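Next up, target.cif (mmCIF, C-alpha atoms):
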data_target
loop_
_atom_site.label_atom_id
_atom_site.label_comp_id
_atom_site.auth_asym_id
_atom_site.auth_seq_id
_atom_site.Cartn_x
_atom_site.Cartn_y
_atom_site.Cartn_z
CA MET A 1 23.09 -0.32 5.45
CA LYS A 2 21.73 3.12 6.33
CA LEU A 3 18.93 5.15 4.82
CA ASP A 4 17.51 8.62 5.36
CA LEU A 5 13.79 9.29 5.49
CA ILE A 6 13.08 12.95 4.79
CA VAL A 7 9.65 14.51 5.38
CA GLY A 8 9.58 18.28 5.11
CA SER A 9 12.38 19.65 7.27
CA ASP A 10 12.66 16.46 9.35
CA ARG A 11 15.16 13.69 8.71
CA TRP A 12 15.47 10.24 10.27
CA ARG A 13 18.50 8.01 9.88
CA ILE A 14 17.46 4.35 9.58
CA ALA A 15 19.99 1.62 10.38
CA CYS A 16 19.11 -1.59 8.52
CA ASP A 17 20.28 -5.10 9.44
CA THR A 18 21.40 -6.76 6.21
CA THR A 19 22.17 -10.02 8.01
CA ARG A 20 18.57 -10.30 9.18
CA ALA A 21 16.78 -9.49 5.91
CA PRO A 22 19.31 -9.50 3.05
CA ARG A 23 16.82 -10.36 0.30
CA THR A 24 14.24 -7.74 1.21
CA LEU A 25 16.82 -5.02 1.77
CA ALA A 26 18.52 -5.76 -1.55
CA THR A 27 15.14 -5.46 -3.28
CA LEU A 28 14.47 -2.21 -1.43
CA ALA A 29 17.91 -0.86 -2.37
CA ALA A 30 17.11 -1.38 -6.05
CA THR A 31 14.20 1.09 -5.75
CA LEU A 32 16.22 3.93 -4.18
CA PRO A 33 16.10 6.88 -4.13
CA ALA A 34 12.32 6.85 -3.83
CA ALA A 35 9.61 9.48 -3.51
CA LEU A 36 6.78 8.42 -1.22
CA GLN A 37 3.48 9.45 0.32
CA LEU A 38 2.74 8.71 3.97
CA HIS A 39 -0.42 6.97 5.17
CA THR A 40 -2.06 6.75 8.57
CA PRO A 41 -3.35 3.42 9.96
CA LYS A 42 -7.10 2.88 9.88
CA ILE A 43 -7.70 0.23 12.54
CA ALA A 44 -5.11 -0.42 15.23
CA GLY A 45 -1.79 1.16 14.41
CA GLN A 46 0.78 3.45 15.95
CA HIS A 47 2.94 3.79 12.87
CA ILE A 48 3.43 5.69 9.66
CA TYR A 49 3.71 3.77 6.43
CA TRP A 50 4.14 4.03 2.70
CA HIS A 51 3.60 1.52 -0.09
CA ALA A 52 6.61 -0.54 -1.14
CA PRO A 53 7.27 -0.57 -4.91
CA PHE A 54 8.16 -4.28 -4.77
CA VAL A 55 6.70 -7.64 -3.78
CA GLU A 56 8.56 -9.92 -1.35
CA ASP A 57 7.62 -12.71 1.04
CA ALA A 58 8.29 -12.38 4.77
CA GLU A 59 11.97 -12.88 5.60
CA GLY A 60 13.01 -13.97 9.08
CA GLY A 61 9.40 -13.24 9.93
CA VAL A 62 8.45 -11.94 13.36
CA ASP A 63 5.08 -11.19 14.93
CA VAL A 64 4.26 -7.53 14.34
CA MET A 65 3.54 -7.14 18.06
CA GLU A 66 7.25 -7.71 18.73
CA ALA A 67 8.10 -4.48 16.91
CA ARG A 68 9.13 -1.72 19.29
CA PRO A 69 8.91 2.07 18.84
CA GLY A 70 11.50 3.12 16.28
CA ALA A 71 11.37 -0.20 14.38
CA PHE A 72 11.48 -0.18 10.58
CA LEU A 73 9.63 -3.09 8.99
CA TYR A 74 8.12 -4.52 5.82
CA TRP A 75 4.58 -5.92 6.00
CA PRO A 76 4.29 -8.30 3.02
CA ALA A 77 0.54 -8.96 2.88
CA ARG A 78 -0.11 -5.20 2.95
CA GLN A 79 2.98 -4.27 0.91
CA PHE A 80 3.87 -1.56 3.40
CA LEU A 81 7.14 -0.16 4.66
CA GLU A 82 6.52 1.11 8.19
CA LEU A 83 8.07 3.00 11.07
CA ILE A 84 6.61 2.25 14.49
CA PHE A 85 6.33 5.30 16.76
CA ALA A 86 4.50 3.88 19.83
CA PRO A 87 3.45 0.49 21.28
CA LEU A 88 1.03 -1.20 18.89
CA GLN A 89 -2.55 -2.10 19.62
CA ALA A 90 -3.63 -5.70 19.03
CA GLU A 91 -2.70 -6.78 15.50
CA THR A 92 -1.87 -10.15 13.94
CA ALA A 93 0.67 -10.37 11.13
CA GLU A 94 4.04 -11.83 10.20
CA VAL A 95 6.39 -9.05 9.15
CA THR A 96 10.03 -8.56 8.19
CA LEU A 97 12.03 -6.51 10.67
CA LEU A 98 14.45 -4.38 8.63
CA GLY A 99 16.08 -2.09 11.20
CA HIS A 100 15.44 0.90 13.43
CA ILE A 101 15.78 4.68 13.52
CA GLU A 102 18.83 6.21 15.17
CA GLY A 103 17.11 8.82 17.32
CA GLY A 104 14.30 11.25 16.58
CA LEU A 105 11.51 9.20 18.15
CA PRO A 106 9.68 12.25 19.62
CA GLU A 107 9.71 13.90 16.20
CA LEU A 108 8.39 10.68 14.63
CA GLN A 109 5.61 10.55 17.21
CA ALA A 110 4.70 14.16 16.43
CA LEU A 111 4.61 13.37 12.72
CA GLY A 112 2.39 10.36 13.38
CA ALA A 113 -0.10 12.43 15.37
CA HIS A 114 -0.16 15.18 12.75
CA LEU A 115 -0.58 12.64 9.96
CA ARG A 116 -3.51 11.00 11.74
CA GLU A 117 -5.35 14.32 12.01
CA GLN A 118 -4.55 15.67 8.55
CA HIS A 119 -4.67 12.51 6.42
CA GLY A 120 -7.00 13.02 3.46
CA ARG A 121 -6.88 16.79 3.88
CA ARG A 122 -3.33 17.15 2.59
CA LEU A 123 -0.63 14.88 1.21
CA PHE A 124 2.43 14.08 3.30
CA ALA A 125 5.23 13.57 0.79
CA GLY A 126 8.74 12.39 1.58
CA ASN A 127 11.85 10.76 0.21
CA LEU A 128 13.81 7.65 1.13
CA LEU A 129 17.48 8.03 0.26
CA PRO A 130 20.48 5.67 0.36
CA VAL A 131 23.24 6.84 2.72
CA GLU A 132 25.68 4.07 3.54
CA GLY A 133 26.32 0.45 2.57
CA VAL A 134 23.55 0.28 -0.01
CA GLN A 135 24.27 -2.29 -2.72
CA ALA A 136 21.52 -2.46 -5.28
CA PRO A 137 21.34 -5.56 -7.49
CA GLU A 138 21.06 -5.26 -11.24
CA PRO A 139 17.37 -5.02 -12.18
CA ALA A 140 15.98 -8.20 -13.67
CA PRO A 141 14.41 -7.93 -17.14
CA SER A 142 10.63 -7.67 -17.11
CA GLN A 143 8.69 -10.85 -17.92
CA VAL A 144 5.41 -9.10 -18.62
CA PRO A 145 4.36 -7.27 -21.79
CA ALA A 146 5.45 -3.65 -22.07
CA GLU A 147 1.87 -2.40 -22.04
CA LEU A 148 1.28 -3.94 -18.60
CA ALA A 149 4.53 -2.55 -17.22
CA ALA A 150 3.43 0.85 -18.55
CA ILE A 151 0.15 0.64 -16.61
CA ARG A 152 2.05 -0.06 -13.41
CA GLN A 153 4.51 2.76 -14.11
CA ARG A 154 1.74 5.29 -14.70
CA LEU A 155 0.06 4.28 -11.45
CA TRP A 156 3.28 4.66 -9.49
CA ASN A 157 4.09 8.00 -11.10
CA ALA A 158 0.81 9.79 -10.43
CA SER A 159 -2.72 9.42 -9.14
CA PRO A 160 -5.27 8.60 -11.87
CA ALA A 161 -7.10 11.71 -13.03
CA ASP A 162 -10.51 10.13 -12.51
CA ILE A 163 -9.97 10.15 -8.74
CA GLU A 164 -9.73 13.95 -8.86
CA ALA A 165 -12.94 14.07 -10.89
CA LEU A 166 -14.70 11.91 -8.31
CA LEU A 167 -13.53 14.14 -5.46
CA ALA A 168 -15.03 17.14 -7.27
CA SER A 169 -18.43 15.47 -7.68
CA ARG A 170 -21.29 16.67 -5.49
CA ALA A 171 -23.93 14.20 -6.67
CA THR A 172 -25.92 12.36 -3.99
CA MET A 173 -23.54 10.75 -1.47
CA HIS A 174 -20.57 11.88 -3.55
CA PRO A 175 -17.68 11.79 -3.15
CA ILE A 176 -17.49 9.71 0.02
CA GLY A 177 -19.78 6.83 -1.01
CA PRO A 178 -17.97 5.85 -4.22
CA LEU A 179 -14.59 6.80 -2.75
CA PHE A 180 -15.01 4.37 0.16
CA LEU A 181 -16.33 1.64 -2.12
CA ALA A 182 -13.51 2.13 -4.62
CA GLU A 183 -10.81 1.98 -1.95
CA SER A 184 -12.39 -1.18 -0.57
CA GLU A 185 -12.60 -2.83 -3.99
CA ALA A 186 -8.97 -2.05 -4.81
CA ARG A 187 -7.76 -3.21 -1.40
CA ILE A 188 -9.73 -6.48 -1.56
CA LEU A 189 -8.35 -7.14 -5.04
CA HIS A 190 -4.85 -6.53 -3.69
CA GLU A 191 -5.46 -9.03 -0.87
CA LEU A 192 -6.95 -11.67 -3.19
CA LEU A 193 -3.96 -11.41 -5.51
CA TRP A 194 -1.66 -11.98 -2.54
CA TRP A 195 -3.65 -15.12 -1.71
CA VAL A 196 -3.30 -16.29 -5.31
CA ARG A 197 0.43 -15.66 -5.03
CA GLY A 198 0.61 -17.73 -1.86
CA GLY A 199 -0.95 -20.71 -3.63
CA LEU A 200 1.15 -20.68 -6.80
CA ALA A 201 3.36 -23.55 -5.60
CA THR A 202 0.42 -25.89 -4.95
CA GLU A 203 -2.47 -24.73 -7.14
CA GLU A 204 -2.96 -25.56 -10.82
CA ALA A 205 -1.91 -22.60 -12.93
CA ARG A 206 -5.17 -22.51 -14.87
CA ILE A 207 -7.13 -22.25 -11.62
CA SER A 208 -4.89 -19.48 -10.28
CA ARG A 209 -5.28 -17.59 -13.54
CA ARG A 210 -9.05 -17.96 -13.43
CA ILE A 211 -9.33 -16.81 -9.81
CA ALA A 212 -7.15 -13.77 -10.51
CA ALA A 213 -9.08 -12.92 -13.68
CA VAL A 214 -12.45 -13.10 -11.91
CA ALA A 215 -11.15 -10.96 -9.05
CA CYS A 216 -9.89 -8.34 -11.52
CA ASN A 217 -13.18 -8.36 -13.44
CA LYS A 218 -15.25 -7.91 -10.29
CA ALA A 219 -13.11 -5.03 -8.99
CA ALA A 220 -12.87 -3.28 -12.36
CA THR A 221 -16.61 -3.57 -12.98
CA ARG A 222 -17.38 -1.98 -9.61
CA LEU A 223 -14.83 0.78 -10.18
CA ARG A 224 -16.28 1.58 -13.61
CA ASP A 225 -20.02 1.10 -13.08
CA PHE A 226 -20.53 2.08 -9.43
CA CYS A 227 -17.67 4.49 -8.75
CA HIS A 228 -17.35 6.19 -12.15
CA LEU A 229 -13.59 5.53 -12.23
CA GLY A 230 -13.26 4.50 -15.85
CA GLU A 231 -9.55 5.22 -16.20
CA SER A 232 -8.68 3.26 -13.07
CA ALA A 233 -10.94 0.39 -14.13
CA ALA A 234 -9.31 0.16 -17.56
CA GLY A 235 -5.96 -0.82 -16.05
CA ILE A 236 -7.58 -3.58 -13.98
CA PHE A 237 -9.52 -4.88 -16.99
CA ALA A 238 -6.19 -5.08 -18.85
CA LEU A 239 -4.86 -7.27 -16.05
CA GLU A 240 -7.93 -9.50 -16.34
CA THR A 241 -7.18 -10.00 -20.03
CA ALA A 242 -3.54 -10.75 -19.28
CA PHE A 243 -4.48 -13.53 -16.84
CA GLY A 244 -6.18 -15.27 -19.76
CA ARG A 245 -2.88 -15.43 -21.70
CA ASP A 246 -0.79 -18.55 -21.11
CA ASP A 247 2.24 -16.92 -22.74
CA ILE A 248 2.75 -14.52 -19.81
CA PRO A 249 4.62 -16.14 -16.87
CA LEU A 250 2.07 -16.44 -14.08
CA ALA A 251 4.29 -15.57 -11.11
CA ALA A 252 5.56 -12.40 -12.77
CA LEU A 253 2.03 -11.41 -13.79
CA VAL A 254 0.67 -11.87 -10.28
CA ASP A 255 3.41 -9.63 -8.86
CA GLU A 256 2.68 -7.01 -11.52
CA ALA A 257 -1.02 -7.12 -10.69
CA ILE A 258 -0.28 -6.81 -6.96
CA LEU A 259 1.80 -3.69 -7.62
CA CYS A 260 -1.01 -2.16 -9.70
CA ALA A 261 -3.87 -2.97 -7.32
CA GLY A 262 -1.90 -1.90 -4.26
CA ARG A 263 -0.90 1.41 -5.77
CA LEU A 264 -4.45 2.19 -6.87
CA ALA A 265 -5.72 1.40 -3.38
CA ALA A 266 -3.02 3.67 -1.97
CA TRP A 267 -4.03 6.65 -4.11
CA LEU A 268 -7.65 6.24 -3.03
CA ASP A 269 -6.69 5.83 0.62
CA LEU A 270 -4.68 9.04 0.57
CA ARG A 271 -7.82 11.05 -0.22
CA ILE A 272 -9.89 9.76 2.71
CA PRO A 273 -9.84 11.93 5.87
CA TRP A 274 -10.09 8.91 8.15
CA SER A 275 -9.88 10.77 11.46
CA ALA A 276 -12.55 13.29 10.55
CA VAL A 277 -14.83 10.58 9.16
CA ASN A 278 -14.41 8.51 12.33
CA ALA A 279 -15.18 11.53 14.52
CA ALA A 280 -18.32 12.29 12.49
CA ALA A 281 -19.45 8.64 12.72
CA ARG A 282 -18.90 8.59 16.48
CA SER A 283 -20.91 11.78 16.86
CA ALA A 284 -23.79 10.42 14.77
CA ILE A 285 -23.82 7.09 16.65
CA ASP A 286 -23.72 8.81 20.03
CA GLU A 287 -26.50 11.17 18.96
CA ALA A 288 -28.66 8.26 17.80
CA ALA A 289 -28.01 6.36 21.03
CA GLY A 290 -28.96 9.41 23.07
CA ALA A 291 -32.15 9.92 21.11
CA SER A 292 -33.26 6.31 21.65
CA ALA A 293 -32.41 6.27 25.38
#

Output the structure of this file as structure tokens.
Amino acid sequence: MKLDLIVGSDRWRIACDTTRAPRTLATLAATLPAALQLHTPKIAGQHIYWHAPFVEDAEGGVDVMEARPGAFLYWPARQFLELIFAPLQAETAEVTLLGHIEGGLPELQALGAHLREQHGRRLFAGNLLPVEGVQAPEPAPSQVPAELAAIRQRLWNASPADIEALLASRATMHPIGPLFLAESEARILHELLWWVRGGLATEEARISRRIAAVACNKAATRLRDFCHLGESAAGIFALETAFGRDDIPLAALVDEAILCAGRLAAWLDLRIPWSAVNAAARSAIDEAAGASA
């Protein structure tokens, strides 16, 4: 199975190993062709990534530190599809190795460096296209109410308008204070929902539903009341209500909620100029240290 990643005028051919990760690659194939937005790592990465529009467990899992430059992988707990462009710093995660690029590593490294510097200042859009040996399964019918599927679809189609309004605000500590808090709340909700998903086989359904509902309520309340993101919060509140309904299959609902929370976190992340913020923080810390010396 071969795919093409296209970003601007650059193109990378990705050779995927369907014997190593048949389930994940079949799920990926069902989402192609796909438009995407590239993200830069925030802590310890040497990779570019974009959010996967599906939820899958690790398949043939390997330690992320085993991934070599040029590797193409899926990181389940983060719901990322990634291309590694240099040796990784210390990270701990079980990931699914999907394949590797066929050449173009220097160009990928250049893109990674440019993305790191410009993230949050401009969007890096791209496309992932099927090329060879792609067999997409028939999509399974949705098990969640149409109104919930519509919330997820709107989030995947476009960034919520209230994020743009927040970015335009120049109130005290705006936009960076509420933007950072909102991204954190959405990301933590995404992580908690993954933990709920991991316990579905052993936990009582009513407890899983309650945990997920409380997590949604907490995140949505913060988004609405602290971050002034009413539109974004409304979708999360709708998920909270859905977790209180026994007629919606729990496993399907958790996956739907993961897709919504992850996508919201992604839109917020894309607007944060992480490199510039880190440089400003370093400068302020160094200045304070010098003043106290």

Between A:Gly104, A:Pro53, A:Pro139, A:Gly290, which residue has the minimum interatomic distance to Leu259 (chain A), considering all atoms listed in the file? A:Pro53

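Straight-line separation from CA of Trp267 (chain A) to CA of Ser159 (chain A): 5.9 Å.
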
May I ask for the distance between CA of Asp269 (chain A) and CA of Phe180 (chain A), given in Å to one decimal place? 8.5 Å

Explicit residue set for the PyMOL selection byres ((chain A and resi 238) around 10), as a ChimeraX atom specification: /A:147-148,151,213,216-217,220,233-237,239-243,257

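Picture a line from CA of Asp225 (chain A) to CA of Ile43 (chain A); it runs 28.4 Å.
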
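By only C-alpha atoms, and with residues fewer than 4 positions from Val134 (chain A) along its chain excluded, the set lying at most 10 Å from it is Met1, Lys2, Leu3, Cys16, Thr18, Leu25, Ala26, Leu28, Ala29, Ala30, Leu32, Leu129 and Pro130 of chain A.
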
List the spatial neighbours of Leu88 (chain A) as a PDB file with C-alpha atoms, in the coordinates of the input - criterion: any atom at most 10 Å away, all atoms listed in the file, same-chain residues fewer than 5 positions off excluded.
ATOM      1  CA  ALA A  44      -5.110  -0.420  15.230  1.00  0.00           C
ATOM      2  CA  GLY A  45      -1.790   1.160  14.410  1.00  0.00           C
ATOM      3  CA  GLN A  46       0.780   3.450  15.950  1.00  0.00           C
ATOM      4  CA  HIS A  47       2.940   3.790  12.870  1.00  0.00           C
ATOM      5  CA  VAL A  64       4.260  -7.530  14.340  1.00  0.00           C
ATOM      6  CA  MET A  65       3.540  -7.140  18.060  1.00  0.00           C
ATOM      7  CA  GLU A  66       7.250  -7.710  18.730  1.00  0.00           C
ATOM      8  CA  ALA A  67       8.100  -4.480  16.910  1.00  0.00           C
ATOM      9  CA  ARG A  68       9.130  -1.720  19.290  1.00  0.00           C
ATOM     10  CA  PRO A  69       8.910   2.070  18.840  1.00  0.00           C
TER      11      PRO A  69
END

Please, what is the axis-aligned box for every listed atom of region 246-251 of chain A with 3 Å on each side, as centre and edge lengths in Å to one decimal, as JSON?
{"center_x": 1.9, "center_y": -16.5, "center_z": -16.9, "size_x": 11.4, "size_y": 10.0, "size_z": 17.6}

Please fill the gaps in region 278-291 of chain A so it has N, CA and C atoms, and write that as a compact mmCIF listing (two decimals), in the frame of the given file.
# COMPACT_ATOMS: atom_id res chain seq x y z
N ASN A 278 -14.16 9.28 11.12
CA ASN A 278 -14.41 8.51 12.33
C ASN A 278 -15.07 9.38 13.40
N ALA A 279 -14.59 10.62 13.53
CA ALA A 279 -15.18 11.53 14.52
C ALA A 279 -16.64 11.82 14.18
N ALA A 280 -16.94 12.02 12.90
CA ALA A 280 -18.32 12.29 12.49
C ALA A 280 -19.20 11.07 12.74
N ALA A 281 -18.67 9.86 12.48
CA ALA A 281 -19.45 8.64 12.72
C ALA A 281 -19.72 8.46 14.21
N ARG A 282 -18.71 8.69 15.03
CA ARG A 282 -18.90 8.59 16.48
C ARG A 282 -19.99 9.54 16.95
N SER A 283 -19.94 10.78 16.46
CA SER A 283 -20.91 11.78 16.86
C SER A 283 -22.33 11.36 16.46
N ALA A 284 -22.47 10.84 15.24
CA ALA A 284 -23.79 10.42 14.77
C ALA A 284 -24.31 9.23 15.57
N ILE A 285 -23.42 8.27 15.87
CA ILE A 285 -23.82 7.09 16.65
C ILE A 285 -24.22 7.49 18.06
N ASP A 286 -23.42 8.36 18.67
CA ASP A 286 -23.72 8.81 20.03
C ASP A 286 -25.04 9.59 20.06
N GLU A 287 -25.27 10.40 19.02
CA GLU A 287 -26.50 11.17 18.96
C GLU A 287 -27.70 10.25 18.84
N ALA A 288 -27.56 9.21 17.98
CA ALA A 288 -28.66 8.26 17.80
C ALA A 288 -28.94 7.48 19.09
N ALA A 289 -27.85 7.09 19.78
CA ALA A 289 -28.01 6.36 21.03
C ALA A 289 -28.70 7.22 22.09
N GLY A 290 -28.32 8.51 22.11
CA GLY A 290 -28.96 9.41 23.07
C GLY A 290 -30.42 9.63 22.79
N ALA A 291 -30.77 9.69 21.49
CA ALA A 291 -32.15 9.92 21.11
C ALA A 291 -33.05 8.74 21.43
